[in-house]
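Reviewing the structure listed below.
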Amino acid sequence: MTRKLSLGCFLLLLFSSFEVLADSKLVKIGDSLIDPQALTIQGLFGQAINGMSFQQDAVVSHKGYQYVAYYDSQRHVCLARRKLPAGKWDILRFTDYDFKSNDAHNTISMGICPKDGTIHLAFDHHGHPLHYRVSKKQAASTPEKTSWNEELFGPVISELEKGKPIRITYPRFLQTPDGDLQFFYRRGGSGNGDRMLVDYDPQNGAWLNTRQIDSGKGTYEGSKSRCSYPNGYTYGPKGKLHATWVWREGAHTANHDLMYTYSEDNGKIWLNNKSVKLQEPASLDSPDITVARIPATYGLMNTHGQAVDSQGRIHVVMCHCSDKSFQAAASKPGESLWGSAEAHRYNHYWRDNNATWHHVELPWVAGNRPKLFFDSKDNAYLIYCTRNELATIAGATAASEWTDWKIIHVEKGPFGNEMLGDPYRWKDEHIISIMVQGLAKNPHDPTPLRIIDFKVAEK
């Protein structure tokens, strides 16, 4: 069923397309078909399996090539690549793994280690044994010389550190500033789990130093179990590793509060918002890590967009309701678990260099979970899909301290996925490559998977 926008939001969309920020201009420069027959599912959590907000990452650029990880209509794990800027997509379809799930949690995440050129894939998890495979060394370092076939990758295995099989949810790969690779995952279940971090050693091709980085212990309004839902893990320009998240109490409950910690040594020691070292993994009772109080009755969603600007300031855009938006939607807190849909707004939180957090509520009804980017002048760009399946880019200027948010481009759909961008191409070229997949008309219908490219031309 097509979902409707409010009249005010529709008019804003209609008259805002291709407006420009004060010192930059957004231009669409490409629209590339990856696969006309990409998988959709029909499960408890929707139809999208390619393009979910917790995939970090599904689109990665390296050494002049772009890579996309996804499932095709035959339920193969696929890895596509093209030579930038507009080469033909070559698709590697793994035929030795049987993907059966209809659970939208069971996405694919990809990582590329710059130091040794290995490509890493983790896929099909929701509390399941690890499904992980890695390419031969230099596969991404010398793409012109790399034969793109299944023999490039090793078998599917269930452990990172030798002899230590693991069960995981939400795999995430992250490149470090010095060219290494890290792996984050949840151990345990929704409302009762901890986040873990592992380091990859490119010299020996081995994983090591598995460690816990947050904890579900503590008591909140009578609840004694919880888990974090991170917006992401992001390195800033000075090598700081930033983490923000919300807490979820027990399974199938709402989220609450915004938390923040950072690390100056690649996630070994963590510090709170006041730059004081945490003595144990971050938990409900850790001092000075709660940076915004957001009640569980305000429909706070989980796993949004975060980014660090050129001055090392962490930014988060999250979706939740407020007293003002509840009033506008003629609803009130607690009426439903996730709040009134018409009362959902995007909320921008950011931390200044004095460790003070700022907040502004964006003025339109929110769509799905967004991703966030900053250009070299610290203007902000937000990508998301509206409630009636339009791919949308919004922006705000650093000069206004990000209070002048407006919609600057709308791409006609309908699309069924959450918008994912390529953070590496953005960093290198200021091109936003957005992965989009068409909305299925009937359950399980395959639909086209595409990359749409936008160039931010700074004045």
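Letters for chains follow the order of the structure tokens (A, B, ...), residue numbers begin at 1 for each chain, and ligand numbers begin at 1 in the order shown.
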message = Please identify the strand (DSSP E or B) residues within stretch 297-358 of chain A (assignment by DSSP from backbone atoms) and present them as a VMD selection string.
response = chain A and resid 305 to 308 314 to 320 345 to 351 357 to 358
Filtering to N, CA and C atoms, could you give me those residues as a JSON list (two decimals), in the first residue's frame?
[["chain", "number", "residue", "atom", "x", "y", "z"],
["A", 305, "GLY", "N", 21.79, 7.64, 11.05],
["A", 305, "GLY", "CA", 22.98, 8.11, 10.38],
["A", 305, "GLY", "C", 23.85, 8.94, 11.29],
["A", 306, "GLN", "N", 25.18, 8.74, 11.20],
["A", 306, "GLN", "CA", 26.09, 9.62, 11.91],
["A", 306, "GLN", "C", 27.29, 9.91, 11.01],
["A", 307, "ALA", "N", 27.96, 11.01, 11.29],
["A", 307, "ALA", "CA", 29.15, 11.38, 10.54],
["A", 307, "ALA", "C", 29.95, 12.36, 11.38],
["A", 308, "VAL", "N", 31.24, 12.50, 11.02],
["A", 308, "VAL", "CA", 32.13, 13.43, 11.69],
["A", 308, "VAL", "C", 32.54, 14.50, 10.68],
["A", 314, "ILE", "N", 31.19, 15.22, 16.07],
["A", 314, "ILE", "CA", 30.29, 14.12, 15.75],
["A", 314, "ILE", "C", 28.87, 14.65, 15.59],
["A", 315, "HIS", "N", 28.17, 14.15, 14.56],
["A", 315, "HIS", "CA", 26.79, 14.52, 14.27],
["A", 315, "HIS", "C", 25.96, 13.25, 14.14],
["A", 316, "VAL", "N", 24.71, 13.33, 14.58],
["A", 316, "VAL", "CA", 23.77, 12.22, 14.46],
["A", 316, "VAL", "C", 22.42, 12.78, 14.03],
["A", 317, "VAL", "N", 21.75, 12.11, 13.10],
["A", 317, "VAL", "CA", 20.37, 12.45, 12.79],
["A", 317, "VAL", "C", 19.52, 11.22, 13.08],
["A", 318, "MET", "N", 18.58, 11.37, 14.01],
["A", 318, "MET", "CA", 17.75, 10.26, 14.46],
["A", 318, "MET", "C", 16.27, 10.64, 14.32],
["A", 319, "CYS", "N", 15.44, 9.61, 14.26],
["A", 319, "CYS", "CA", 14.00, 9.79, 14.08],
["A", 319, "CYS", "C", 13.27, 9.52, 15.39],
["A", 320, "HIS", "N", 12.54, 10.52, 15.87],
["A", 320, "HIS", "CA", 11.67, 10.32, 17.04],
["A", 320, "HIS", "C", 10.64, 11.43, 17.08],
["A", 345, "ARG", "N", 9.76, 12.97, 13.40],
["A", 345, "ARG", "CA", 10.60, 13.99, 12.80],
["A", 345, "ARG", "C", 12.06, 13.53, 12.86],
["A", 346, "TYR", "N", 12.87, 14.03, 11.91],
["A", 346, "TYR", "CA", 14.31, 13.86, 12.04],
["A", 346, "TYR", "C", 14.84, 14.88, 13.04],
["A", 347, "ASN", "N", 15.78, 14.44, 13.86],
["A", 347, "ASN", "CA", 16.37, 15.30, 14.88],
["A", 347, "ASN", "C", 17.88, 15.25, 14.75],
["A", 348, "HIS", "N", 18.48, 16.41, 14.57],
["A", 348, "HIS", "CA", 19.92, 16.53, 14.39],
["A", 348, "HIS", "C", 20.57, 16.89, 15.72],
["A", 349, "TYR", "N", 21.46, 16.01, 16.18],
["A", 349, "TYR", "CA", 22.23, 16.23, 17.39],
["A", 349, "TYR", "C", 23.71, 16.35, 17.01],
["A", 350, "TRP", "N", 24.41, 17.31, 17.59],
["A", 350, "TRP", "CA", 25.84, 17.42, 17.31],
["A", 350, "TRP", "C", 26.59, 17.96, 18.52],
["A", 351, "ARG", "N", 27.86, 17.56, 18.58],
["A", 351, "ARG", "CA", 28.72, 17.89, 19.72],
["A", 351, "ARG", "C", 29.77, 18.90, 19.28],
["A", 357, "TRP", "N", 26.43, 19.42, 23.55],
["A", 357, "TRP", "CA", 25.58, 18.88, 22.50],
["A", 357, "TRP", "C", 24.47, 19.85, 22.14],
["A", 358, "HIS", "N", 24.17, 19.93, 20.84],
["A", 358, "HIS", "CA", 23.13, 20.82, 20.31],
["A", 358, "HIS", "C", 22.09, 19.98, 19.60]]
Set out as JSON lines a contact list for stretch 352-425 of chain A and stretch 54-63 of chain A with a cut-off of 10 Å, giving each residue of stretch 352-425 of chain A that qualifies its closest atom pair and distance in Å to one decimal, counting only C-alpha atoms, ordered by chain and rising residue number.
{"residue": "A:Arg369", "atom": "CA", "partner": "A:Phe54", "partner_atom": "CA", "distance": 9.5}
{"residue": "A:Glu418", "atom": "CA", "partner": "A:Phe54", "partner_atom": "CA", "distance": 9.6}
{"residue": "A:Leu420", "atom": "CA", "partner": "A:Ala58", "partner_atom": "CA", "distance": 7.4}
{"residue": "A:Gly421", "atom": "CA", "partner": "A:Val59", "partner_atom": "CA", "distance": 6.6}
{"residue": "A:Asp422", "atom": "CA", "partner": "A:Val59", "partner_atom": "CA", "distance": 5.0}
{"residue": "A:Pro423", "atom": "CA", "partner": "A:Val60", "partner_atom": "CA", "distance": 7.1}
{"residue": "A:Tyr424", "atom": "CA", "partner": "A:Ser61", "partner_atom": "CA", "distance": 5.6}
{"residue": "A:Arg425", "atom": "CA", "partner": "A:Ser61", "partner_atom": "CA", "distance": 5.6}
(request) Rank nothing, just name the residue among A:Thr386, A:Lys406, A:Leu439, A:Val456 nearest to A:Gln42, using only C-alpha atoms. (result)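 Smallest distance to A:Gln42 is found for A:Leu439.
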Find the residues near A:Thr290: any atom within 9 Å, counting only C-alpha atoms, skip ones fewer than 3 places away on the same chain, and give them as an mmCIF file with N, CA, C and O atoms, in the first residue's frame.
data_model
loop_
_atom_site.group_PDB
_atom_site.id
_atom_site.type_symbol
_atom_site.label_atom_id
_atom_site.label_comp_id
_atom_site.auth_asym_id
_atom_site.auth_seq_id
_atom_site.Cartn_x
_atom_site.Cartn_y
_atom_site.Cartn_z
ATOM 1 N N ASP A 257 17.026 7.373 24.817
ATOM 2 C CA ASP A 257 18.248 8.123 25.084
ATOM 3 C C ASP A 257 19.300 8.004 23.973
ATOM 4 O O ASP A 257 19.330 7.048 23.218
ATOM 5 N N LEU A 258 20.152 9.030 23.922
ATOM 6 C CA LEU A 258 21.301 9.049 23.021
ATOM 7 C C LEU A 258 22.567 8.975 23.852
ATOM 8 O O LEU A 258 22.776 9.791 24.759
ATOM 9 N N MET A 259 23.433 8.008 23.514
ATOM 10 C CA MET A 259 24.671 7.770 24.246
ATOM 11 C C MET A 259 25.862 8.085 23.345
ATOM 12 O O MET A 259 25.784 7.963 22.112
ATOM 13 N N TYR A 260 26.999 8.437 23.993
ATOM 14 C CA TYR A 260 28.202 8.767 23.220
ATOM 15 C C TYR A 260 29.460 8.386 23.980
ATOM 16 O O TYR A 260 29.597 8.666 25.177
ATOM 17 N N ASN A 272 34.378 9.022 27.982
ATOM 18 C CA ASN A 272 33.014 9.541 27.972
ATOM 19 C C ASN A 272 32.971 10.948 27.387
ATOM 20 O O ASN A 272 33.982 11.468 26.898
ATOM 21 N N ASN A 273 31.816 11.566 27.444
ATOM 22 C CA ASN A 273 31.638 12.884 26.821
ATOM 23 C C ASN A 273 32.538 13.947 27.447
ATOM 24 O O ASN A 273 32.866 14.937 26.811
ATOM 25 N N LEU A 284 24.626 1.220 31.082
ATOM 26 C CA LEU A 284 23.601 2.156 31.535
ATOM 27 C C LEU A 284 24.113 3.042 32.669
ATOM 28 O O LEU A 284 23.746 4.211 32.779
ATOM 29 N N SER A 286 27.319 3.929 33.266
ATOM 30 C CA SER A 286 28.579 4.641 33.028
ATOM 31 C C SER A 286 28.365 6.140 33.156
ATOM 32 O O SER A 286 27.373 6.685 32.641
ATOM 33 N N PRO A 287 29.284 6.846 33.797
ATOM 34 C CA PRO A 287 29.097 8.296 33.983
ATOM 35 C C PRO A 287 29.303 9.076 32.699
ATOM 36 O O PRO A 287 30.192 8.773 31.893
ATOM 37 N N ARG A 293 18.465 13.000 26.702
ATOM 38 C CA ARG A 293 17.408 12.173 27.292
ATOM 39 C C ARG A 293 16.221 12.144 26.335
ATOM 40 O O ARG A 293 15.615 13.185 26.048
#
- With a distance cut-off of 9 Å and only C-alpha atoms, select the neighbouring residues of A:Gly64, excluding the residue or stretch itself and same-chain residues fewer than 4 positions from it, and output the selection as a PyMOL selection string. chain A and resi 82-85+143
Go ahead and dump the residues you just picked, all heavy atoms, as a PDB file, in the first residue's frame.
ATOM      1  N   ARG A  82      32.522  -2.257 -10.486  1.00  0.00           N
ATOM      2  CA  ARG A  82      32.655  -1.501 -11.739  1.00  0.00           C
ATOM      3  C   ARG A  82      33.851  -0.580 -11.621  1.00  0.00           C
ATOM      4  O   ARG A  82      34.239  -0.145 -10.518  1.00  0.00           O
ATOM      5  CB  ARG A  82      31.400  -0.679 -12.030  1.00  0.00           C
ATOM      6  CG  ARG A  82      31.143   0.444 -11.036  1.00  0.00           C
ATOM      7  CD  ARG A  82      30.079   1.402 -11.531  1.00  0.00           C
ATOM      8  NE  ARG A  82      29.703   2.384 -10.504  1.00  0.00           N
ATOM      9  CZ  ARG A  82      28.910   3.434 -10.729  1.00  0.00           C
ATOM     10  NH1 ARG A  82      28.410   3.644 -11.937  1.00  0.00           N
ATOM     11  NH2 ARG A  82      28.618   4.279  -9.740  1.00  0.00           N
ATOM     12  N   LYS A  83      34.440  -0.276 -12.762  1.00  0.00           N
ATOM     13  CA  LYS A  83      35.490   0.729 -12.794  1.00  0.00           C
ATOM     14  C   LYS A  83      34.829   2.098 -12.820  1.00  0.00           C
ATOM     15  O   LYS A  83      33.941   2.355 -13.640  1.00  0.00           O
ATOM     16  CB  LYS A  83      36.380   0.543 -14.027  1.00  0.00           C
ATOM     17  CG  LYS A  83      37.584   1.469 -14.055  1.00  0.00           C
ATOM     18  CD  LYS A  83      38.497   1.159 -15.239  1.00  0.00           C
ATOM     19  CE  LYS A  83      39.726   2.066 -15.221  1.00  0.00           C
ATOM     20  NZ  LYS A  83      40.652   1.764 -16.335  1.00  0.00           N
ATOM     21  N   LEU A  84      35.226   2.952 -11.928  1.00  0.00           N
ATOM     22  CA  LEU A  84      34.660   4.294 -11.875  1.00  0.00           C
ATOM     23  C   LEU A  84      35.230   5.166 -12.999  1.00  0.00           C
ATOM     24  O   LEU A  84      36.354   4.947 -13.444  1.00  0.00           O
ATOM     25  CB  LEU A  84      34.958   4.920 -10.510  1.00  0.00           C
ATOM     26  CG  LEU A  84      34.258   4.256  -9.316  1.00  0.00           C
ATOM     27  CD1 LEU A  84      34.775   4.819  -8.005  1.00  0.00           C
ATOM     28  CD2 LEU A  84      32.746   4.428  -9.417  1.00  0.00           C
ATOM     29  N   PRO A  85      34.430   6.107 -13.530  1.00  0.00           N
ATOM     30  CA  PRO A  85      33.154   6.535 -12.967  1.00  0.00           C
ATOM     31  C   PRO A  85      31.917   5.806 -13.486  1.00  0.00           C
ATOM     32  O   PRO A  85      30.859   5.896 -12.861  1.00  0.00           O
ATOM     33  CB  PRO A  85      33.087   8.005 -13.372  1.00  0.00           C
ATOM     34  CG  PRO A  85      33.795   8.039 -14.693  1.00  0.00           C
ATOM     35  CD  PRO A  85      34.925   7.049 -14.572  1.00  0.00           C
ATOM     36  N   PRO A 143      42.887  -4.139  -8.973  1.00  0.00           N
ATOM     37  CA  PRO A 143      41.657  -4.657  -9.581  1.00  0.00           C
ATOM     38  C   PRO A 143      41.803  -5.002 -11.057  1.00  0.00           C
ATOM     39  O   PRO A 143      41.139  -5.927 -11.544  1.00  0.00           O
ATOM     40  CB  PRO A 143      40.648  -3.529  -9.359  1.00  0.00           C
ATOM     41  CG  PRO A 143      41.472  -2.298  -9.153  1.00  0.00           C
ATOM     42  CD  PRO A 143      42.705  -2.760  -8.452  1.00  0.00           C
TER      43      PRO A 143
END
Judged by only C-alpha atoms, the minimum distance to A:Ser322 among A:Glu361, A:Asp285, A:Glu335, A:Glu264 is found for A:Glu361
